[in-house]
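Asker: I'd like to ask some things about the structure below.
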Amino acid sequence: MNKLFIAFILFSIISCKNQTNKKMIEHKFTNNLIKETSPYLLQHAHNPVNWYAWNNETLELAKKENKLLLISIGYSSCHWCHVMEHESFENEEVAVIMNTNFINIKVDREERPDIDQIYMSAVQLMTGRGGWPLNCIALPDGRPIWGGTYFPKENWINALEQISKMYKEKPDQVIDYAVKLTEGVKNSDLVEINKSIPEFSIADLKSTVNKWQLYMDFDLGGRVGAPKFPMPNNYQFLLRYGTQASNDSVLKYTNTTLTNMAYGGIYDQVGGGFSRYSVDKKWHVPHFEKMLYDNGQLVSLYSEAYQATKNPLYKKTVYETLEFIERELTNKEGAFYSSLDADSINLEGKLEEGAYYVWTIEELKSILG
């Protein structure tokens, strides 16, 4: 019995040692994000990039070393965040450039929306567009100087080398630009107090909707062109306006949108729930990421649409979406998950956008006959 017990202890020690060695082999690199709790930050904890979290210590380090900040913002289910991580942030060549010239900060936009808002405003002012991953380079004190969204590897390397060179050779020009851009960011977020007496009229609403109609796709629903996003607040307003103003054109447009969304690929016909947006104008091909806030708002929208029309499709959509939220986005304690990743494992064992949801013709034939 004692021999068996000793053998068991020795086996446990060896097994634990092997597990430790295995973990060391699996992770060639570990950075400061290993100390964080955010799922998005932990996804990057073993990148060769020497990432830091956003905090006072990191900002002080940048000032001490007089290095530019490289601020990269995203969230755990962001497809293009994963793509850029795989192409650039997991690449040792890129990591050397980033680690040598910058203090690299990863930010989870769901954890720090305040930081995200600042640098999103800066990038929108610089480029006219925004999105995630959001990448912004700033002075050591945080004032932005350059940014954008997703960058292919070579474009990213070229941009980093040019900016770091300019900061070393012409720092005054860089600082001057940062001062002007920071002022622009402040002004873009400034809401002036309106002291005039508010005056609202039906005529104002009618004028707004008339201008809005120029961008409405009356055949397919949604906004003209692609991509198409399900915008619940917009359609809740148009549903109410069309009903109260007896505007048949607006009501028809709203119902066309809701019907095509519910019948389209953006809606999960098997498991319920809506994907984030459609990449084409017909609502056929979704970006497979599913967000809690989208689906929550769409439940309200389709509920109100059912009240107004008694269309059984809308009622079915509400029930199926709620079942999806309960099944996929709610844990055992009753808390909610914020999103489902767009990427899943394909048959070759690799991450691929939408692999879990897409059916091949052969699969359908074998199942349906």
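For the structure tokens, the naming scheme is as follows: chains receive sequential letters (A, B, ...) according to their order of presentation, residues are indexed from 1 within each chain, and ligands are indexed from 1 in presentation order.
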A:Gly225: which residues within 9 Å, counting only C-alpha atoms, same-chain residues fewer than 2 positions away excluded, as an NGL selection string?

Answerer: :A and (215 or 217 or 222-223 or 227-228 or 280-282)

Asker: Can you pull out the residues contacting A:Thr256? Cut-off 12 Å, using only C-alpha atoms, and skip same-chain residues under 5 positions away; I want them as a list of chain:residue names.

Answerer: A:Met216, A:Asp217, A:Phe218, A:Asp219, A:Leu220, A:Gly221, A:Gly222, A:Arg223, A:Tyr235, A:Leu239, A:Asp248, A:Ser249, A:Val250, A:Leu251, A:Met261, A:Ala262, A:Tyr263, A:Gly264, A:Lys282, A:Trp283, A:Ala305, A:Tyr314

Asker: Save the residues we just selected, N, CA and C atoms, as a CSV table (one decimal), in the first residue's frame?

Answerer:
```
chain,number,residue,atom,x,y,z
A,216,MET,N,-32.6,55.5,-48.6
A,216,MET,CA,-33.3,54.3,-48.3
A,216,MET,C,-33.4,53.4,-49.6
A,217,ASP,N,-33.1,52.1,-49.3
A,217,ASP,CA,-33.2,51.1,-50.4
A,217,ASP,C,-34.6,50.5,-50.3
A,218,PHE,N,-35.6,51.0,-51.1
A,218,PHE,CA,-37.0,50.7,-51.1
A,218,PHE,C,-37.2,49.2,-51.6
A,219,ASP,N,-36.3,48.7,-52.4
A,219,ASP,CA,-36.4,47.4,-52.9
A,219,ASP,C,-36.0,46.3,-52.0
A,220,LEU,N,-34.8,46.5,-51.3
A,220,LEU,CA,-34.2,45.5,-50.5
A,220,LEU,C,-34.2,45.8,-49.0
A,221,GLY,N,-34.5,47.1,-48.7
A,221,GLY,CA,-34.5,47.5,-47.3
A,221,GLY,C,-33.1,48.0,-46.9
A,222,GLY,N,-33.1,48.6,-45.7
A,222,GLY,CA,-31.8,49.1,-45.2
A,222,GLY,C,-31.3,50.4,-46.0
A,223,ARG,N,-30.1,50.7,-45.8
A,223,ARG,CA,-29.5,51.8,-46.5
A,223,ARG,C,-29.0,51.4,-47.9
A,235,TYR,N,-35.2,52.1,-37.3
A,235,TYR,CA,-36.4,51.5,-37.7
A,235,TYR,C,-37.5,51.6,-36.7
A,239,LEU,N,-40.9,53.2,-37.9
A,239,LEU,CA,-42.2,52.5,-37.7
A,239,LEU,C,-43.2,53.3,-37.0
A,248,ASP,N,-47.6,55.6,-45.9
A,248,ASP,CA,-47.5,54.2,-46.4
A,248,ASP,C,-46.1,53.9,-46.9
A,249,SER,N,-45.5,54.9,-47.6
A,249,SER,CA,-44.2,54.6,-48.2
A,249,SER,C,-43.1,54.3,-47.1
A,250,VAL,N,-43.1,55.0,-46.0
A,250,VAL,CA,-42.2,54.7,-44.9
A,250,VAL,C,-42.5,53.4,-44.3
A,251,LEU,N,-43.8,53.1,-44.1
A,251,LEU,CA,-44.2,51.8,-43.4
A,251,LEU,C,-43.8,50.7,-44.3
A,261,MET,N,-34.4,41.2,-43.5
A,261,MET,CA,-33.5,40.9,-42.5
A,261,MET,C,-33.8,39.5,-41.9
A,262,ALA,N,-35.1,39.3,-41.6
A,262,ALA,CA,-35.5,38.0,-41.0
A,262,ALA,C,-35.3,36.8,-41.9
A,263,TYR,N,-35.5,37.0,-43.2
A,263,TYR,CA,-35.4,35.9,-44.2
A,263,TYR,C,-34.0,35.8,-44.7
A,264,GLY,N,-33.1,36.8,-44.4
A,264,GLY,CA,-31.8,36.8,-45.0
A,264,GLY,C,-30.7,36.0,-44.3
A,282,LYS,N,-28.0,42.6,-50.3
A,282,LYS,CA,-29.2,41.8,-50.3
A,282,LYS,C,-29.5,41.1,-48.9
A,283,TRP,N,-28.7,41.4,-47.9
A,283,TRP,CA,-28.7,40.8,-46.6
A,283,TRP,C,-28.4,39.3,-46.7
A,305,ALA,N,-42.8,46.0,-34.0
A,305,ALA,CA,-43.3,45.7,-35.4
A,305,ALA,C,-44.5,44.7,-35.4
A,314,TYR,N,-42.6,38.3,-37.5
A,314,TYR,CA,-41.9,39.2,-36.5
A,314,TYR,C,-42.0,38.5,-35.1
```

Asker: Extract, using only C-alpha atoms, all DNA, RNA and protein residues at most 6 Å from stretch 118-125 of chain A, discarding same-chain residues fewer than 3 positions from it, and format them as a count of residues only.

Answerer: 7

Asker: Env of stretch 358-369 of chain A: 12 Å cut, atoms = only C-alpha atoms, seq-sep filter 6 positions within chain, self excluded. Answer as a list in words.

Answerer: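 The contact residues come out as Gly265, Asp268, Gln269, Val270, Val285, Pro286, His287, Phe288, Ala342, Asp343, Ser344, Ile345, Asn346, Leu347 and Glu352 of chain A.
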
Asker: With all heavy atoms retained, write the just-selected residues as a compact mmCIF listing (two decimals), in the first residue's frame.

Answerer:
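And here is the file that came out, result_16.txt:
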```
# COMPACT_ATOMS: atom_id res chain seq x y z
N GLY A 265 -29.53 36.04 -44.80
CA GLY A 265 -28.43 35.35 -44.16
C GLY A 265 -27.94 36.02 -42.90
O GLY A 265 -27.25 35.41 -42.09
N ASP A 268 -29.80 33.99 -38.27
CA ASP A 268 -29.49 32.57 -38.17
C ASP A 268 -30.78 31.77 -38.26
O ASP A 268 -31.55 31.70 -37.30
CB ASP A 268 -28.77 32.29 -36.84
CG ASP A 268 -28.20 30.88 -36.76
OD1 ASP A 268 -28.75 29.98 -37.42
OD2 ASP A 268 -27.19 30.69 -36.05
N GLN A 269 -31.01 31.16 -39.41
CA GLN A 269 -32.28 30.46 -39.65
C GLN A 269 -32.41 29.19 -38.82
O GLN A 269 -33.52 28.69 -38.62
CB GLN A 269 -32.40 30.11 -41.14
CG GLN A 269 -32.22 31.29 -42.09
CD GLN A 269 -33.30 32.35 -41.91
OE1 GLN A 269 -34.41 32.06 -41.52
NE2 GLN A 269 -32.95 33.60 -42.20
N VAL A 270 -31.31 28.67 -38.32
CA VAL A 270 -31.35 27.44 -37.52
C VAL A 270 -31.35 27.75 -36.02
O VAL A 270 -32.18 27.25 -35.26
CB VAL A 270 -30.16 26.52 -37.87
CG1 VAL A 270 -30.16 25.27 -36.98
CG2 VAL A 270 -30.21 26.12 -39.34
N VAL A 285 -25.09 37.67 -47.19
CA VAL A 285 -23.82 37.19 -46.61
C VAL A 285 -23.49 38.00 -45.36
O VAL A 285 -23.20 39.19 -45.45
CB VAL A 285 -22.67 37.31 -47.62
CG1 VAL A 285 -21.38 36.75 -47.01
CG2 VAL A 285 -23.02 36.57 -48.92
N PRO A 286 -23.53 37.37 -44.19
CA PRO A 286 -23.30 38.13 -42.95
C PRO A 286 -21.82 38.21 -42.57
O PRO A 286 -21.01 37.40 -43.02
CB PRO A 286 -24.06 37.30 -41.91
CG PRO A 286 -23.93 35.89 -42.41
CD PRO A 286 -23.93 35.98 -43.92
N HIS A 287 -21.51 39.19 -41.77
CA HIS A 287 -20.28 39.15 -40.97
C HIS A 287 -20.72 38.42 -39.70
O HIS A 287 -21.58 38.90 -38.97
CB HIS A 287 -19.80 40.56 -40.65
CG HIS A 287 -18.61 40.58 -39.74
ND1 HIS A 287 -17.48 39.83 -39.97
CD2 HIS A 287 -18.37 41.25 -38.59
CE1 HIS A 287 -16.61 40.04 -39.01
NE2 HIS A 287 -17.12 40.89 -38.16
N PHE A 288 -20.17 37.24 -39.44
CA PHE A 288 -20.79 36.25 -38.55
C PHE A 288 -20.73 36.57 -37.07
O PHE A 288 -21.26 35.82 -36.25
CB PHE A 288 -20.17 34.88 -38.81
CG PHE A 288 -20.58 34.29 -40.13
CD1 PHE A 288 -19.80 34.48 -41.26
CD2 PHE A 288 -21.75 33.57 -40.25
CE1 PHE A 288 -20.17 33.94 -42.48
CE2 PHE A 288 -22.14 33.04 -41.47
CZ PHE A 288 -21.35 33.21 -42.59
N ALA A 342 -16.75 35.91 -34.54
CA ALA A 342 -17.03 35.61 -35.94
C ALA A 342 -16.25 34.39 -36.41
O ALA A 342 -16.66 33.70 -37.35
CB ALA A 342 -16.67 36.81 -36.81
N ASP A 343 -15.13 34.11 -35.77
CA ASP A 343 -14.25 33.03 -36.20
C ASP A 343 -14.55 31.74 -35.46
O ASP A 343 -14.85 31.74 -34.27
CB ASP A 343 -12.79 33.41 -35.96
CG ASP A 343 -12.39 34.65 -36.74
OD1 ASP A 343 -12.69 34.70 -37.93
OD2 ASP A 343 -11.81 35.58 -36.13
N SER A 344 -14.46 30.62 -36.18
CA SER A 344 -14.61 29.31 -35.58
C SER A 344 -13.69 28.33 -36.30
O SER A 344 -13.15 28.62 -37.36
CB SER A 344 -16.07 28.85 -35.63
OG SER A 344 -16.65 29.10 -36.88
N ILE A 345 -13.53 27.14 -35.75
CA ILE A 345 -12.59 26.15 -36.29
C ILE A 345 -13.20 25.46 -37.50
O ILE A 345 -14.31 24.94 -37.44
CB ILE A 345 -12.23 25.11 -35.22
CG1 ILE A 345 -11.64 25.79 -33.97
CG2 ILE A 345 -11.25 24.10 -35.80
CD1 ILE A 345 -10.34 26.50 -34.22
N ASN A 346 -12.47 25.47 -38.63
CA ASN A 346 -12.96 24.79 -39.83
C ASN A 346 -12.54 23.32 -39.81
O ASN A 346 -11.92 22.83 -38.85
CB ASN A 346 -12.48 25.50 -41.09
CG ASN A 346 -10.96 25.50 -41.24
OD1 ASN A 346 -10.26 24.70 -40.62
ND2 ASN A 346 -10.44 26.40 -42.06
N LEU A 347 -12.84 22.58 -40.89
CA LEU A 347 -12.56 21.15 -40.95
C LEU A 347 -11.06 20.85 -40.93
O LEU A 347 -10.65 19.74 -40.58
CB LEU A 347 -13.19 20.56 -42.22
CG LEU A 347 -14.73 20.59 -42.27
CD1 LEU A 347 -15.23 20.07 -43.60
CD2 LEU A 347 -15.32 19.78 -41.12
N GLU A 352 -11.49 30.25 -38.99
CA GLU A 352 -12.04 30.80 -40.23
C GLU A 352 -13.34 31.52 -39.90
O GLU A 352 -14.14 31.04 -39.10
CB GLU A 352 -12.30 29.68 -41.23
CG GLU A 352 -12.91 30.16 -42.54
CD GLU A 352 -13.28 28.99 -43.44
OE1 GLU A 352 -12.77 27.87 -43.21
OE2 GLU A 352 -14.10 29.19 -44.35
```

Asker: Skipping near chain neighbours, those fewer than 2 positions away, what residues fall within 9 Å of A:Arg143 using only C-alpha atoms, listed as a PyMOL selection string?

Answerer: chain A and resi 137-141+145+175+178-179+181-182

Asker: Considering only C-alpha atoms, can you say which of A:Tyr177, A:Trp156, A:Trp51, A:Tyr241 comes closest to A:Ala308?

Answerer: A:Tyr241

Asker: Name the closest residue to A:Asp108 among the candidates A:Lys310, A:Lys165, A:His44, A:Lys35; distances are taken between atoms, counting only C-alpha atoms.

Answerer: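 Using only C-alpha atoms, the shortest distance to A:Asp108 belongs to A:His44.
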
Asker: Between atom CA of A:Glu110 and atom CA of A:Ser339, what is the spacing in Å?

Answerer: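 These two atoms are separated by 10.6 Å.
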
Asker: With DSSP run on the backbone, what are the alpha helix (DSSP H) residues within stretch 264-303 of chain A? I'd like them as a compact mmCIF listing (two decimals) with C-alpha atoms, in the first residue's frame.

Answerer:
```
# COMPACT_ATOMS: atom_id res chain seq x y z
CA LEU A 292 -25.66 41.09 -27.41
CA TYR A 293 -26.58 44.76 -27.79
CA ASP A 294 -27.65 44.28 -31.42
CA ASN A 295 -29.87 41.33 -30.61
CA GLY A 296 -31.36 42.98 -27.52
CA GLN A 297 -32.39 46.05 -29.52
CA LEU A 298 -33.70 43.93 -32.40
CA VAL A 299 -35.95 42.02 -29.99
CA SER A 300 -37.55 45.35 -29.02
CA LEU A 301 -37.83 46.42 -32.66
CA TYR A 302 -39.51 43.22 -33.86
CA SER A 303 -41.80 43.21 -30.81
```

Asker: Please determine, counting only C-alpha atoms, which residue among A:Pro232, A:Gly74, A:Gly273, A:Pro312 has the shortest atom-to-atom distance to A:Gly131.

Answerer: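 Nearest to A:Gly131: A:Gly74.
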
Asker: So which residues of stretch 115-266 of chain A fall under strand (DSSP E or B) by DSSP, listed as a PyMOL selection string?

Answerer: chain A and resi 134-138+144-148+216+223+228

Asker: Got time to write the residues from that selection, N, CA and C atoms, as a PDB file, in the first residue's frame?

Answerer:
```
ATOM      1  N   LEU A 134      -8.669  49.454 -33.874  1.00  0.00           N
ATOM      2  CA  LEU A 134      -8.345  50.874 -33.953  1.00  0.00           C
ATOM      3  C   LEU A 134      -6.903  51.034 -33.492  1.00  0.00           C
ATOM      4  N   ASN A 135      -6.047  51.526 -34.386  1.00  0.00           N
ATOM      5  CA  ASN A 135      -4.627  51.678 -34.065  1.00  0.00           C
ATOM      6  C   ASN A 135      -4.249  53.147 -34.135  1.00  0.00           C
ATOM      7  N   CYS A 136      -3.703  53.653 -33.048  1.00  0.00           N
ATOM      8  CA  CYS A 136      -3.370  55.076 -32.980  1.00  0.00           C
ATOM      9  C   CYS A 136      -2.001  55.249 -32.321  1.00  0.00           C
ATOM     10  N   ILE A 137      -1.170  56.089 -32.922  1.00  0.00           N
ATOM     11  CA  ILE A 137       0.124  56.423 -32.332  1.00  0.00           C
ATOM     12  C   ILE A 137       0.031  57.802 -31.707  1.00  0.00           C
ATOM     13  N   ALA A 138       0.578  57.926 -30.507  1.00  0.00           N
ATOM     14  CA  ALA A 138       0.448  59.163 -29.736  1.00  0.00           C
ATOM     15  C   ALA A 138       1.783  59.536 -29.110  1.00  0.00           C
ATOM     16  N   PRO A 144      -2.680  62.200 -29.635  1.00  0.00           N
ATOM     17  CA  PRO A 144      -2.562  61.406 -30.862  1.00  0.00           C
ATOM     18  C   PRO A 144      -1.877  62.160 -31.994  1.00  0.00           C
ATOM     19  N   ILE A 145      -1.169  61.404 -32.850  1.00  0.00           N
ATOM     20  CA  ILE A 145      -0.521  62.014 -34.018  1.00  0.00           C
ATOM     21  C   ILE A 145      -0.850  61.284 -35.320  1.00  0.00           C
ATOM     22  N   TRP A 146      -1.254  60.024 -35.241  1.00  0.00           N
ATOM     23  CA  TRP A 146      -1.508  59.243 -36.460  1.00  0.00           C
ATOM     24  C   TRP A 146      -2.341  58.022 -36.104  1.00  0.00           C
ATOM     25  N   GLY A 147      -3.146  57.533 -37.055  1.00  0.00           N
ATOM     26  CA  GLY A 147      -3.926  56.339 -36.758  1.00  0.00           C
ATOM     27  C   GLY A 147      -4.705  55.814 -37.944  1.00  0.00           C
ATOM     28  N   GLY A 148      -5.369  54.702 -37.711  1.00  0.00           N
ATOM     29  CA  GLY A 148      -6.197  54.054 -38.717  1.00  0.00           C
ATOM     30  C   GLY A 148      -6.813  52.805 -38.114  1.00  0.00           C
ATOM     31  N   MET A 216     -32.590  55.544 -48.622  1.00  0.00           N
ATOM     32  CA  MET A 216     -33.320  54.313 -48.332  1.00  0.00           C
ATOM     33  C   MET A 216     -33.379  53.396 -49.553  1.00  0.00           C
ATOM     34  N   ARG A 223     -30.100  50.703 -45.780  1.00  0.00           N
ATOM     35  CA  ARG A 223     -29.492  51.833 -46.477  1.00  0.00           C
ATOM     36  C   ARG A 223     -29.046  51.395 -47.874  1.00  0.00           C
ATOM     37  N   LYS A 228     -24.726  46.495 -45.142  1.00  0.00           N
ATOM     38  CA  LYS A 228     -25.982  46.903 -44.511  1.00  0.00           C
ATOM     39  C   LYS A 228     -25.968  46.491 -43.038  1.00  0.00           C
TER      40      LYS A 228
END
```

Asker: Give me, as a list in words, all polymer residues having an atom no more than 7 Å from A:Glu289, counting only C-alpha atoms and skipping those fewer than 3 positions away in the same chain.

Answerer: Ser77, Ser275, Arg276, Leu340, Asp341 and Ala342 of chain A

Asker: Within 9 Å of stretch 99-106 of chain A, counting only C-alpha atoms, which residues show up once you throw out same-chain ones fewer than 2 positions away? Write them as a PyMOL selection string, please.

Answerer: chain A and resi 33+40-41+44+48-54+58-59+61-62+65+67-74+94-97+108+137+140+160-161+164
